[in-house]
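Asker: Sharing input21.pdb, PDB, C-alpha atoms:
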```pdb
MODEL        1
ATOM      1  CA  MET A 207      46.762  61.255 -43.120
ATOM      2  CA  PRO A 208      45.438  58.997 -40.356
ATOM      3  CA  SER A 209      42.096  60.738 -39.971
ATOM      4  CA  ARG A 210      41.290  60.264 -43.645
ATOM      5  CA  ARG A 211      42.319  56.622 -43.549
ATOM      6  CA  GLN A 212      40.111  56.043 -40.538
ATOM      7  CA  THR A 213      37.209  57.752 -42.238
ATOM      8  CA  LEU A 214      37.682  55.843 -45.469
ATOM      9  CA  ALA A 215      38.514  52.383 -44.150
ATOM     10  CA  LEU A 216      35.140  51.037 -45.291
ATOM     11  CA  GLY A 217      35.160  48.370 -47.984
ATOM     12  CA  LEU A 218      33.328  48.574 -51.276
ATOM     13  CA  SER A 219      30.643  45.989 -50.553
ATOM     14  CA  GLY A 220      27.373  47.403 -49.337
ATOM     15  CA  VAL A 221      28.519  50.929 -48.627
ATOM     16  CA  PHE A 222      27.235  52.287 -51.923
ATOM     17  CA  ALA A 223      23.736  50.887 -51.485
ATOM     18  CA  PRO A 224      22.129  54.131 -50.190
ATOM     19  CA  ALA A 225      23.663  56.059 -53.082
ATOM     20  CA  ILE A 226      22.259  53.561 -55.576
ATOM     21  CA  LEU A 227      18.777  53.841 -54.127
ATOM     22  CA  SER A 228      18.771  57.625 -54.274
ATOM     23  CA  THR A 229      20.585  58.127 -57.569
ATOM     24  CA  GLY A 230      17.528  57.950 -59.790
ATOM     25  CA  ALA A 231      15.593  60.518 -57.820
ATOM     26  CA  LEU A 232      18.509  62.901 -57.466
ATOM     27  CA  ALA A 233      19.609  62.665 -61.088
ATOM     28  CA  GLN A 234      16.047  63.362 -62.205
ATOM     29  CA  ALA A 235      16.084  66.613 -60.204
ATOM     30  CA  TRP A 236      18.375  68.132 -62.829
ATOM     31  CA  ARG A 237      18.906  66.913 -66.372
ATOM     32  CA  PRO A 238      21.456  68.638 -68.615
ATOM     33  CA  ASN A 239      20.296  69.631 -72.099
ATOM     34  CA  ARG A 240      23.750  69.624 -73.704
ATOM     35  CA  ALA A 241      27.115  67.937 -73.326
ATOM     36  CA  LEU A 242      29.119  68.414 -70.140
ATOM     37  CA  ARG A 243      32.788  69.425 -70.129
ATOM     38  CA  LEU A 244      35.138  67.601 -67.730
ATOM     39  CA  ILE A 245      38.446  69.483 -67.586
ATOM     40  CA  VAL A 246      41.589  67.408 -67.050
ATOM     41  CA  PRO A 247      44.363  69.915 -66.242
ATOM     42  CA  PHE A 248      47.092  67.603 -67.543
ATOM     43  CA  ALA A 249      48.160  66.127 -70.870
ATOM     44  CA  PRO A 250      46.499  62.926 -72.177
ATOM     45  CA  GLY A 251      47.827  59.651 -70.798
ATOM     46  CA  GLY A 252      48.208  60.664 -67.162
ATOM     47  CA  SER A 253      46.220  59.356 -64.225
ATOM     48  CA  ASN A 254      43.539  62.071 -64.283
ATOM     49  CA  ASP A 255      42.996  61.569 -68.012
ATOM     50  CA  ILE A 256      42.698  57.785 -67.620
ATOM     51  CA  VAL A 257      40.306  57.990 -64.670
ATOM     52  CA  ALA A 258      38.197  60.674 -66.368
ATOM     53  CA  ARG A 259      37.784  58.599 -69.526
ATOM     54  CA  ILE A 260      36.828  55.490 -67.554
ATOM     55  CA  ILE A 261      33.980  57.205 -65.708
ATOM     56  CA  ALA A 262      32.829  59.611 -68.450
ATOM     57  CA  GLU A 263      30.854  57.041 -70.421
ATOM     58  CA  PRO A 264      28.683  55.657 -67.579
ATOM     59  CA  VAL A 265      28.086  59.149 -66.184
ATOM     60  CA  GLY A 266      27.017  60.328 -69.643
ATOM     61  CA  GLN A 267      24.576  57.447 -69.903
ATOM     62  CA  ILE A 268      23.101  58.248 -66.506
ATOM     63  CA  LEU A 269      22.658  61.950 -67.312
ATOM     64  CA  GLY A 270      21.596  61.418 -70.920
ATOM     65  CA  GLN A 271      24.318  63.713 -72.300
ATOM     66  CA  SER A 272      27.924  63.173 -73.335
ATOM     67  CA  VAL A 273      30.726  63.996 -70.923
ATOM     68  CA  VAL A 274      33.505  65.470 -73.069
ATOM     69  CA  ILE A 275      37.082  65.323 -71.757
ATOM     70  CA  GLU A 276      39.025  68.555 -72.244
ATOM     71  CA  ASN A 277      42.779  68.382 -71.589
ATOM     72  CA  ARG A 278      44.081  71.812 -70.508
ATOM     73  CA  SER A 279      47.596  71.209 -69.249
ATOM     74  CA  GLY A 280      50.168  73.643 -67.945
ATOM     75  CA  ALA A 281      51.659  75.057 -64.725
ATOM     76  CA  GLY A 282      51.175  71.823 -62.806
ATOM     77  CA  SER A 283      47.366  71.870 -63.290
ATOM     78  CA  VAL A 284      46.907  75.556 -62.434
ATOM     79  CA  ILE A 285      45.858  76.609 -65.952
ATOM     80  CA  GLY A 286      43.077  74.056 -66.296
ATOM     81  CA  SER A 287      41.925  74.472 -62.710
ATOM     82  CA  GLU A 288      41.701  78.246 -63.059
ATOM     83  CA  ALA A 289      39.618  77.800 -66.211
ATOM     84  CA  ALA A 290      37.237  75.573 -64.260
ATOM     85  CA  ALA A 291      37.050  78.000 -61.335
ATOM     86  CA  ARG A 292      36.180  80.876 -63.683
ATOM     87  CA  ALA A 293      33.601  78.925 -65.723
ATOM     88  CA  PRO A 294      29.866  79.608 -65.315
ATOM     89  CA  ALA A 295      28.432  77.853 -62.244
ATOM     90  CA  ASP A 296      25.774  76.071 -64.288
ATOM     91  CA  GLY A 297      26.809  72.427 -63.953
ATOM     92  CA  TYR A 298      28.245  72.092 -67.446
ATOM     93  CA  THR A 299      31.923  72.507 -66.532
ATOM     94  CA  LEU A 300      33.596  70.144 -64.090
ATOM     95  CA  LEU A 301      37.187  69.531 -63.003
ATOM     96  CA  ILE A 302      39.022  66.351 -62.036
ATOM     97  CA  ASN A 303      42.418  67.047 -60.506
ATOM     98  CA  SER A 304      44.415  64.776 -58.217
ATOM     99  CA  ALA A 305      46.847  67.678 -57.665
ATOM    100  CA  HIS A 306      44.072  69.960 -56.423
ATOM    101  CA  ALA A 307      45.206  69.692 -52.798
ATOM    102  CA  THR A 308      48.944  69.609 -53.497
ATOM    103  CA  VAL A 309      49.269  72.744 -55.650
ATOM    104  CA  PRO A 310      48.559  75.242 -52.815
ATOM    105  CA  ALA A 311      51.405  73.679 -50.822
ATOM    106  CA  ILE A 312      53.916  74.275 -53.633
ATOM    107  CA  VAL A 313      52.761  77.283 -55.680
ATOM    108  CA  ALA A 314      53.187  80.642 -53.921
ATOM    109  CA  ARG A 315      50.830  82.778 -56.029
ATOM    110  CA  MET A 316      47.621  80.903 -56.692
ATOM    111  CA  PRO A 317      45.109  82.548 -59.084
ATOM    112  CA  TYR A 318      42.259  80.716 -57.330
ATOM    113  CA  ASN A 319      41.516  79.154 -53.943
ATOM    114  CA  ALA A 320      41.458  75.369 -54.154
ATOM    115  CA  VAL A 321      38.842  75.111 -51.404
ATOM    116  CA  THR A 322      36.629  78.196 -51.431
ATOM    117  CA  ASP A 323      36.335  78.620 -55.222
ATOM    118  CA  PHE A 324      34.856  75.135 -55.790
ATOM    119  CA  GLU A 325      31.982  72.874 -54.820
ATOM    120  CA  GLY A 326      32.527  69.127 -54.397
ATOM    121  CA  VAL A 327      30.774  66.613 -56.660
ATOM    122  CA  ALA A 328      32.440  63.258 -55.928
ATOM    123  CA  VAL A 329      35.766  61.499 -55.337
ATOM    124  CA  ALA A 330      36.646  58.986 -58.049
ATOM    125  CA  GLY A 331      39.028  57.035 -55.831
ATOM    126  CA  PHE A 332      42.435  56.773 -54.204
ATOM    127  CA  SER A 333      45.727  55.365 -55.473
ATOM    128  CA  PRO A 334      49.341  55.243 -54.227
ATOM    129  CA  HIS A 335      52.255  56.501 -56.288
ATOM    130  CA  THR A 336      55.038  54.164 -57.386
ATOM    131  CA  LEU A 337      58.828  54.383 -57.388
ATOM    132  CA  VAL A 338      60.106  53.333 -60.815
ATOM    133  CA  VAL A 339      63.304  53.473 -62.848
ATOM    134  CA  ASN A 340      64.263  53.129 -66.469
ATOM    135  CA  PRO A 341      65.205  49.439 -67.004
ATOM    136  CA  ARG A 342      68.789  50.416 -67.821
ATOM    137  CA  VAL A 343      69.313  51.862 -64.342
ATOM    138  CA  GLU A 344      71.390  49.424 -62.303
ATOM    139  CA  ALA A 345      69.299  49.612 -59.131
ATOM    140  CA  ARG A 346      67.042  46.614 -58.527
ATOM    141  CA  THR A 347      65.652  47.752 -55.198
ATOM    142  CA  ALA A 348      64.670  51.075 -53.649
ATOM    143  CA  ALA A 349      67.609  50.861 -51.242
ATOM    144  CA  GLU A 350      70.017  50.331 -54.154
ATOM    145  CA  LEU A 351      68.543  53.346 -55.945
ATOM    146  CA  VAL A 352      69.032  55.557 -52.886
ATOM    147  CA  THR A 353      72.651  54.395 -52.620
ATOM    148  CA  LEU A 354      73.199  55.086 -56.333
ATOM    149  CA  LEU A 355      71.703  58.573 -56.146
ATOM    150  CA  ARG A 356      73.665  59.495 -53.038
ATOM    151  CA  ALA A 357      76.894  58.420 -54.741
ATOM    152  CA  ASN A 358      76.077  60.508 -57.844
ATOM    153  CA  PRO A 359      74.456  63.760 -56.661
ATOM    154  CA  GLY A 360      72.697  65.633 -59.458
ATOM    155  CA  ARG A 361      73.606  63.101 -62.133
ATOM    156  CA  TYR A 362      70.199  61.467 -62.552
ATOM    157  CA  ASN A 363      66.979  63.052 -63.835
ATOM    158  CA  PHE A 364      63.714  62.780 -61.947
ATOM    159  CA  ALA A 365      60.546  62.833 -64.104
ATOM    160  CA  SER A 366      57.933  65.168 -62.621
ATOM    161  CA  ALA A 367      54.404  65.582 -63.991
ATOM    162  CA  GLY A 368      54.675  69.353 -63.569
ATOM    163  CA  ILE A 369      55.173  71.866 -60.787
ATOM    164  CA  GLY A 370      52.554  71.326 -58.107
ATOM    165  CA  SER A 371      51.554  67.873 -59.320
ATOM    166  CA  GLY A 372      51.287  64.920 -56.966
ATOM    167  CA  VAL A 373      54.301  63.406 -58.732
ATOM    168  CA  HIS A 374      56.292  66.542 -57.953
ATOM    169  CA  LEU A 375      55.275  66.409 -54.295
ATOM    170  CA  ALA A 376      56.069  62.685 -54.020
ATOM    171  CA  GLY A 377      59.470  63.369 -55.557
ATOM    172  CA  LEU A 378      60.165  66.154 -53.072
ATOM    173  CA  VAL A 379      59.246  63.855 -50.194
ATOM    174  CA  LEU A 380      61.590  61.184 -51.601
ATOM    175  CA  VAL A 381      64.629  63.428 -52.090
ATOM    176  CA  ASN A 382      64.187  65.178 -48.746
ATOM    177  CA  ARG A 383      63.487  62.085 -46.656
ATOM    178  CA  MET A 384      66.294  60.082 -48.290
ATOM    179  CA  ASN A 385      68.757  63.003 -48.444
ATOM    180  CA  ILE A 386      69.510  62.671 -52.146
ATOM    181  CA  GLN A 387      70.105  65.139 -54.971
ATOM    182  CA  ALA A 388      68.729  64.832 -58.498
ATOM    183  CA  GLU A 389      67.787  67.024 -61.426
ATOM    184  CA  MET A 390      64.008  67.490 -61.306
ATOM    185  CA  VAL A 391      62.610  67.759 -64.832
ATOM    186  CA  HIS A 392      59.012  68.963 -65.126
ATOM    187  CA  TYR A 393      56.929  67.473 -67.950
ATOM    188  CA  ARG A 394      53.440  68.516 -69.005
ATOM    189  CA  GLY A 395      51.626  65.739 -67.185
ATOM    190  CA  GLY A 396      51.948  62.163 -65.987
ATOM    191  CA  GLY A 397      51.834  60.622 -69.467
ATOM    192  CA  PRO A 398      54.803  62.614 -70.840
ATOM    193  CA  GLY A 399      56.685  62.004 -67.586
ATOM    194  CA  VAL A 400      56.311  58.232 -67.886
ATOM    195  CA  ALA A 401      57.254  58.425 -71.589
ATOM    196  CA  ALA A 402      60.499  60.137 -70.547
ATOM    197  CA  LEU A 403      61.198  57.307 -68.115
ATOM    198  CA  VAL A 404      60.595  54.676 -70.790
ATOM    199  CA  SER A 405      62.882  56.445 -73.281
ATOM    200  CA  GLY A 406      65.631  56.990 -70.716
ATOM    201  CA  GLU A 407      65.448  60.777 -70.912
ATOM    202  CA  ALA A 408      64.715  60.578 -67.175
ATOM    203  CA  GLN A 409      66.072  57.780 -65.030
ATOM    204  CA  PHE A 410      63.688  57.581 -62.077
ATOM    205  CA  GLY A 411      60.384  58.933 -60.883
ATOM    206  CA  THR A 412      57.384  58.561 -58.607
ATOM    207  CA  PRO A 413      54.531  58.394 -61.132
ATOM    208  CA  THR A 414      50.962  57.658 -60.264
ATOM    209  CA  MET A 415      49.761  54.084 -60.380
ATOM    210  CA  ALA A 416      47.342  54.945 -63.179
ATOM    211  CA  SER A 417      49.942  56.470 -65.493
ATOM    212  CA  SER A 418      52.627  53.856 -64.840
ATOM    213  CA  LEU A 419      50.732  50.575 -64.464
ATOM    214  CA  GLY A 420      50.716  49.700 -68.173
ATOM    215  CA  GLN A 421      54.456  50.332 -68.550
ATOM    216  CA  ILE A 422      55.209  48.435 -65.343
ATOM    217  CA  ARG A 423      53.315  45.399 -66.583
ATOM    218  CA  GLY A 424      54.812  45.730 -70.066
ATOM    219  CA  GLY A 425      58.409  46.161 -68.889
ATOM    220  CA  GLY A 426      58.800  49.759 -70.045
ATOM    221  CA  VAL A 427      59.831  50.753 -66.512
ATOM    222  CA  ARG A 428      60.952  48.741 -63.487
ATOM    223  CA  VAL A 429      58.960  49.243 -60.300
ATOM    224  CA  LEU A 430      60.912  49.257 -57.036
ATOM    225  CA  ALA A 431      58.185  50.118 -54.525
ATOM    226  CA  VAL A 432      54.634  51.275 -54.043
ATOM    227  CA  LEU A 433      54.612  54.480 -52.001
ATOM    228  CA  SER A 434      52.111  53.289 -49.420
ATOM    229  CA  GLU A 435      52.241  51.646 -46.022
ATOM    230  CA  GLN A 436      50.755  48.424 -47.391
ATOM    231  CA  ARG A 437      51.106  46.624 -50.700
ATOM    232  CA  SER A 438      48.662  47.467 -53.476
ATOM    233  CA  PRO A 439      46.254  44.828 -54.863
ATOM    234  CA  ALA A 440      47.149  46.112 -58.337
ATOM    235  CA  LEU A 441      50.842  45.216 -57.763
ATOM    236  CA  PRO A 442      50.753  42.494 -55.110
ATOM    237  CA  ASN A 443      54.379  41.425 -55.640
ATOM    238  CA  THR A 444      55.806  44.926 -55.218
ATOM    239  CA  PRO A 445      56.985  45.930 -51.720
ATOM    240  CA  SER A 446      55.473  48.849 -49.855
ATOM    241  CA  ALA A 447      57.669  51.821 -48.989
ATOM    242  CA  THR A 448      58.334  50.431 -45.517
ATOM    243  CA  GLU A 449      59.202  46.983 -46.852
ATOM    244  CA  ALA A 450      61.457  48.546 -49.492
ATOM    245  CA  GLY A 451      63.550  50.403 -46.936
ATOM    246  CA  ILE A 452      62.258  53.924 -47.611
ATOM    247  CA  PRO A 453      59.938  54.463 -44.625
ATOM    248  CA  GLY A 454      58.035  57.714 -44.646
ATOM    249  CA  VAL A 455      58.177  58.032 -48.422
ATOM    250  CA  VAL A 456      54.426  57.575 -48.687
ATOM    251  CA  HIS A 457      52.175  59.452 -51.067
ATOM    252  CA  GLU A 458      48.648  58.598 -52.160
ATOM    253  CA  GLU A 459      46.722  60.597 -54.734
ATOM    254  CA  PHE A 460      42.978  61.056 -54.767
ATOM    255  CA  PHE A 461      40.705  62.309 -57.519
ATOM    256  CA  PRO A 462      38.211  64.988 -56.426
ATOM    257  CA  ILE A 463      35.637  66.059 -58.994
ATOM    258  CA  THR A 464      34.487  69.633 -58.510
ATOM    259  CA  VAL A 465      32.480  72.458 -60.084
ATOM    260  CA  PRO A 466      32.707  76.253 -59.713
ATOM    261  CA  LYS A 467      31.530  77.815 -56.474
ATOM    262  CA  GLY A 468      27.917  78.935 -56.634
ATOM    263  CA  THR A 469      26.573  75.972 -58.602
ATOM    264  CA  PRO A 470      22.895  75.625 -57.551
ATOM    265  CA  PRO A 471      22.150  72.889 -54.981
ATOM    266  CA  GLU A 472      19.767  70.968 -57.267
ATOM    267  CA  ILE A 473      22.402  70.808 -60.014
ATOM    268  CA  LEU A 474      25.072  69.796 -57.506
ATOM    269  CA  ALA A 475      22.811  67.027 -56.190
ATOM    270  CA  GLY A 476      22.090  65.682 -59.677
ATOM    271  CA  LEU A 477      25.759  65.708 -60.666
ATOM    272  CA  GLY A 478      26.849  64.128 -57.385
ATOM    273  CA  ALA A 479      24.360  61.278 -57.679
ATOM    274  CA  ALA A 480      25.279  60.602 -61.311
ATOM    275  CA  PHE A 481      29.028  60.657 -60.724
ATOM    276  CA  ARG A 482      28.832  58.459 -57.625
ATOM    277  CA  GLN A 483      26.826  55.880 -59.533
ATOM    278  CA  GLY A 484      29.169  56.100 -62.534
ATOM    279  CA  ILE A 485      32.200  55.643 -60.282
ATOM    280  CA  GLN A 486      30.627  52.628 -58.608
ATOM    281  CA  GLN A 487      29.826  51.050 -61.961
ATOM    282  CA  SER A 488      33.451  51.615 -63.024
ATOM    283  CA  ALA A 489      35.077  50.327 -59.824
ATOM    284  CA  ALA A 490      36.502  47.148 -61.367
ATOM    285  CA  ARG A 491      37.933  48.972 -64.394
ATOM    286  CA  LEU A 492      39.360  51.747 -62.234
ATOM    287  CA  ASN A 493      41.245  49.200 -60.145
ATOM    288  CA  GLU A 494      42.379  47.040 -63.054
ATOM    289  CA  LEU A 495      43.423  49.790 -65.468
ATOM    290  CA  ALA A 496      44.488  52.537 -63.090
ATOM    291  CA  GLY A 497      45.125  50.988 -59.681
ATOM    292  CA  VAL A 498      42.451  53.322 -58.300
ATOM    293  CA  THR A 499      40.098  52.186 -55.537
ATOM    294  CA  PRO A 500      36.788  54.029 -54.979
ATOM    295  CA  ARG A 501      35.839  54.567 -51.344
ATOM    296  CA  ALA A 502      32.616  55.464 -49.642
ATOM    297  CA  GLY A 503      31.952  58.499 -47.494
ATOM    298  CA  PHE A 504      31.766  61.310 -50.058
ATOM    299  CA  ASP A 505      28.025  61.635 -50.575
ATOM    300  CA  THR A 506      27.843  65.408 -50.036
ATOM    301  CA  SER A 507      29.670  68.395 -51.453
ATOM    302  CA  ALA A 508      30.947  69.292 -47.981
ATOM    303  CA  LYS A 509      32.547  65.875 -47.537
ATOM    304  CA  VAL A 510      34.313  66.100 -50.893
ATOM    305  CA  MET A 511      35.697  69.536 -50.094
ATOM    306  CA  GLY A 512      36.554  68.356 -46.583
ATOM    307  CA  VAL A 513      39.052  65.810 -47.903
ATOM    308  CA  VAL A 514      40.479  68.482 -50.220
ATOM    309  CA  ARG A 515      40.922  70.858 -47.290
ATOM    310  CA  GLU A 516      42.522  68.115 -45.211
ATOM    311  CA  GLY A 517      44.863  67.328 -48.101
ATOM    312  CA  VAL A 518      45.973  70.956 -48.449
ATOM    313  CA  GLU A 519      46.760  71.114 -44.735
ATOM    314  CA  SER A 520      48.538  67.751 -44.642
ATOM    315  CA  TYR A 521      50.672  68.285 -47.762
ATOM    316  CA  THR A 522      51.657  71.771 -46.588
ATOM    317  CA  ARG A 523      52.694  70.377 -43.207
ATOM    318  CA  ILE A 524      54.737  67.560 -44.809
ATOM    319  CA  LEU A 525      56.563  69.884 -47.183
ATOM    320  CA  ARG A 526      57.337  72.561 -44.604
ATOM    321  CA  ALA A 527      58.709  69.876 -42.285
ATOM    322  CA  ALA A 528      60.930  68.757 -45.153
ATOM    323  CA  GLY A 529      62.155  72.320 -45.648
ATOM    324  CA  VAL A 530      60.314  72.884 -48.929
ATOM    325  CA  GLN A 531      58.842  76.344 -49.430
ATOM    326  CA  PRO A 532      56.331  77.400 -52.131
ATOM    327  CA  GLU A 533      57.787  78.878 -55.311
TER     328      GLU A 533
ENDMDL
END
```
Any chance you could give the structure as structure tokens?

Answerer:
Amino acid sequence: MPSRRQTLALGLSGVFAPAILSTGALAQAWRPNRALRLIVPFAPGGSNDIVARIIAEPVGQILGQSVVIENRSGAGSVIGSEAAARAPADGYTLLINSAHATVPAIVARMPYNAVTDFEGVAVAGFSPHTLVVNPRVEARTAAELVTLLRANPGRYNFASAGIGSGVHLAGLVLVNRMNIQAEMVHYRGGGPGVAALVSGEAQFGTPTMASSLGQIRGGGVRVLAVLSEQRSPALPNTPSATEAGIPGVVHEEFFPITVPKGTPPEILAGLGAAFRQGIQQSAARLNELAGVTPRAGFDTSAKVMGVVREGVESYTRILRAAGVQPE
């Protein structure tokens, strides 16, 4: 999405300074008197779970109350997201969901509106997906994998993180752009999907950087490409999609943090300031442990929901062009 890249091309240094200066005042405008609930609509071990746990502690310290992670997986994030949308708009229930903008492009009957039923709090960062295989798969490069899959249509299993997940969308882009056929197996989140790749139950996948980085570094899976136009600092020796011979197979996830529509402005301001500061404090850990890079430019609720809206439009356009219709 060129417009988003242009908007977010700012580096980390210096751009957070205004947020730091205003955080104290904004956070003081609203102070929670009990623990907050941050819903992760996927199973533990996936990218959203990892990112949520990294930022929960500093945000809790800033607000003076614990931020409790609640994993509510199912239906490619729809179950947990619907629970968040229907929760009281009092600031105590939040949602982090990197599939928030992809689900409307894939799921035909949505029980909530991903844009109009939520208010934006912050964006925890951005991260490309990876193309990985079980180590026993013969392919050593992305081009070799495409050749192998084309020669054996339907023989190999693709590990999805659930219908509507970013992993599912990245997989659809891969199979449609590369004209390959595979059995798409939907697991209950990124963690279970990567576990299936490690065990050999599934042979290839496009997991998030956060959920796959540990297994890539440990040898549990073999990485063939990073699904971005440039190499990732987290995997500097891994070719980009273009370098790997799969141009156009590009998919980057982002982590919007939202609350139910109707949350009062003073509560939204306090949460936004606290989460932005917590994300900034966690920037090094987010990059090292999850391959996630925070970016500036999301200092209002409207800007957070703007990137969600842009994502919904972009992913829908990509999938329809590839001939994929919502189910």

Asker: Counting only C-alpha atoms, which residues come within 10 Å of (40.8, 55.6, -67.6), with the point read in the file's coordinates, and could you list them as a count of residues only?

Answerer: 22

Asker: To one decimal in Å, tell me the separation between atom CA of A:Arg278 and atom CA of A:Ile245.

Answerer: 6.8 Å

Asker: Given the file shown, enumerate the residues that the PyMOL selection byres ((chain A and resi 512-522) around 9) captures and present them as a ChimeraX atom specification.

Answerer: /A:207,210,306-312,320-321,326,375,462,504,507-511,523-527,531

Asker: With distances taken over only C-alpha atoms, which residue among A:Ala367, A:Val338, A:Val373, A:Leu244 lies nearest A:Gly406?

Answerer: A:Val338

Asker: What's the separation between atom CA of A:Pro294 and atom CA of A:Val465, in Å to one decimal place?

Answerer: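 Atom-to-atom, atom CA of A:Pro294 to atom CA of A:Val465, that is 9.2 Å.
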
Asker: When you draw a straight line from atom CA of A:Asn303 to atom CA of A:Phe461, how long is it in Å?

Answerer: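 One can read the atom CA of A:Asn303 to atom CA of A:Phe461 distance as 5.9 Å.
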
Asker: Since I can't run it myself right now, could you work out what the PyMOL selection byres ((chain A and resi 425) around 12) selects here and report it as number ranges by chain?

Answerer: A: 338-342, 403-404, 418-424, 426-429

Asker: Please evaluate the PyMOL selection byres ((chain A and resi 471) around 12) against the displayed coordinates and give the resulting residues as a list in words.

Answerer: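 After applying the PyMOL selection byres ((chain A and resi 471) around 12), what remains is Leu232, Ala235, Trp236, Ala295, Asp296, Gly297, Glu325, Gly326, Val327, Val465, Lys467, Gly468, Thr469, Pro470, Glu472, Ile473, Leu474, Ala475, Gly476, Leu477, Gly478, Thr506, Ser507 and Ala508 of chain A.
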
Asker: Near stretch 279-285 of chain A, within 10 Å and counting only C-alpha atoms, which residues show up once chain neighbours fewer than 4 positions away are dropped, as a PyMOL selection string?

Answerer: chain A and resi 245-250+289-290+303-306+308-310+312-313+316-318+320+366-374+392-395

Asker: Go ahead and write the residues just picked, C-alpha atoms, as a PDB file, in the coordinates of the input.

Answerer:
```pdb
ATOM      1  CA  ILE A 245      38.446  69.483 -67.586  1.00  0.00           C
ATOM      2  CA  VAL A 246      41.589  67.408 -67.050  1.00  0.00           C
ATOM      3  CA  PRO A 247      44.363  69.915 -66.242  1.00  0.00           C
ATOM      4  CA  PHE A 248      47.092  67.603 -67.543  1.00  0.00           C
ATOM      5  CA  ALA A 249      48.160  66.127 -70.870  1.00  0.00           C
ATOM      6  CA  PRO A 250      46.499  62.926 -72.177  1.00  0.00           C
ATOM      7  CA  ALA A 289      39.618  77.800 -66.211  1.00  0.00           C
ATOM      8  CA  ALA A 290      37.237  75.573 -64.260  1.00  0.00           C
ATOM      9  CA  ASN A 303      42.418  67.047 -60.506  1.00  0.00           C
ATOM     10  CA  SER A 304      44.415  64.776 -58.217  1.00  0.00           C
ATOM     11  CA  ALA A 305      46.847  67.678 -57.665  1.00  0.00           C
ATOM     12  CA  HIS A 306      44.072  69.960 -56.423  1.00  0.00           C
ATOM     13  CA  THR A 308      48.944  69.609 -53.497  1.00  0.00           C
ATOM     14  CA  VAL A 309      49.269  72.744 -55.650  1.00  0.00           C
ATOM     15  CA  PRO A 310      48.559  75.242 -52.815  1.00  0.00           C
ATOM     16  CA  ILE A 312      53.916  74.275 -53.633  1.00  0.00           C
ATOM     17  CA  VAL A 313      52.761  77.283 -55.680  1.00  0.00           C
ATOM     18  CA  MET A 316      47.621  80.903 -56.692  1.00  0.00           C
ATOM     19  CA  PRO A 317      45.109  82.548 -59.084  1.00  0.00           C
ATOM     20  CA  TYR A 318      42.259  80.716 -57.330  1.00  0.00           C
ATOM     21  CA  ALA A 320      41.458  75.369 -54.154  1.00  0.00           C
ATOM     22  CA  SER A 366      57.933  65.168 -62.621  1.00  0.00           C
ATOM     23  CA  ALA A 367      54.404  65.582 -63.991  1.00  0.00           C
ATOM     24  CA  GLY A 368      54.675  69.353 -63.569  1.00  0.00           C
ATOM     25  CA  ILE A 369      55.173  71.866 -60.787  1.00  0.00           C
ATOM     26  CA  GLY A 370      52.554  71.326 -58.107  1.00  0.00           C
ATOM     27  CA  SER A 371      51.554  67.873 -59.320  1.00  0.00           C
ATOM     28  CA  GLY A 372      51.287  64.920 -56.966  1.00  0.00           C
ATOM     29  CA  VAL A 373      54.301  63.406 -58.732  1.00  0.00           C
ATOM     30  CA  HIS A 374      56.292  66.542 -57.953  1.00  0.00           C
ATOM     31  CA  HIS A 392      59.012  68.963 -65.126  1.00  0.00           C
ATOM     32  CA  TYR A 393      56.929  67.473 -67.950  1.00  0.00           C
ATOM     33  CA  ARG A 394      53.440  68.516 -69.005  1.00  0.00           C
ATOM     34  CA  GLY A 395      51.626  65.739 -67.185  1.00  0.00           C
TER      35      GLY A 395
END
```

Asker: Counting all atoms listed in the file, figure out which residue out of A:Asn358, A:Ser333, A:Asn277, A:Asn443 gets nearest to A:His457.

Answerer: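 Checking each candidate against A:His457, we get A:Ser333 as the closest.
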
Asker: Looking at A:Ala357, A:Ala489, A:Ile452, A:Leu269, which one is nearest to A:Arg383, with distances taken over all atoms listed in the file?

Answerer: A:Ile452

Asker: Just checking: using all atoms listed in the file, which residue out of A:Ser438, A:Thr336, A:Asn385, A:Ser272 ends up closest to A:Asn239?

Answerer: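 Going through A:Ser438, A:Thr336, A:Asn385, A:Ser272 one by one, the smallest distance to A:Asn239 is for A:Ser272.
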
Asker: Around all the atoms of stretch 262-275 of chain A listed in the file, draw an axis-aligned box and extend it by 3 Å on each of the six sides; I want its centre and edge lengths in Å to one decimal, as lines of an AutoDock Vina configuration file.

Answerer:
```
center_x = 29.3
center_y = 60.6
center_z = -69.8
size_x = 21.5
size_y = 15.8
size_z = 13.2
```

Asker: Nearest to A:Ile302: which of A:Val455, A:Ala440, A:Ile463, A:Ala408 is it, counting all atoms listed in the file?

Answerer: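 Using all atoms listed in the file, A:Ile302 sits closest to A:Ile463.
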
Asker: Compute the distance from (61.5, 69.7, -50.4) to each atom, counting all atoms listed in the file, keep the residues with any atom at most 8 Å away, and return them as a PyMOL selection string; use the coordinates of the file.

Answerer: chain A and resi 378-379+381-382+525-526+528-531

Asker: Residues within 9 Å of A:Thr444, please, as a list in words. Count only C-alpha atoms; anything in the same chain fewer than 3 positions from it doesn't count.

Answerer: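 Answer for this query is Val429, Leu430, Ala431, Val432, Arg437, Ser438, Leu441 and Ala450 of chain A.
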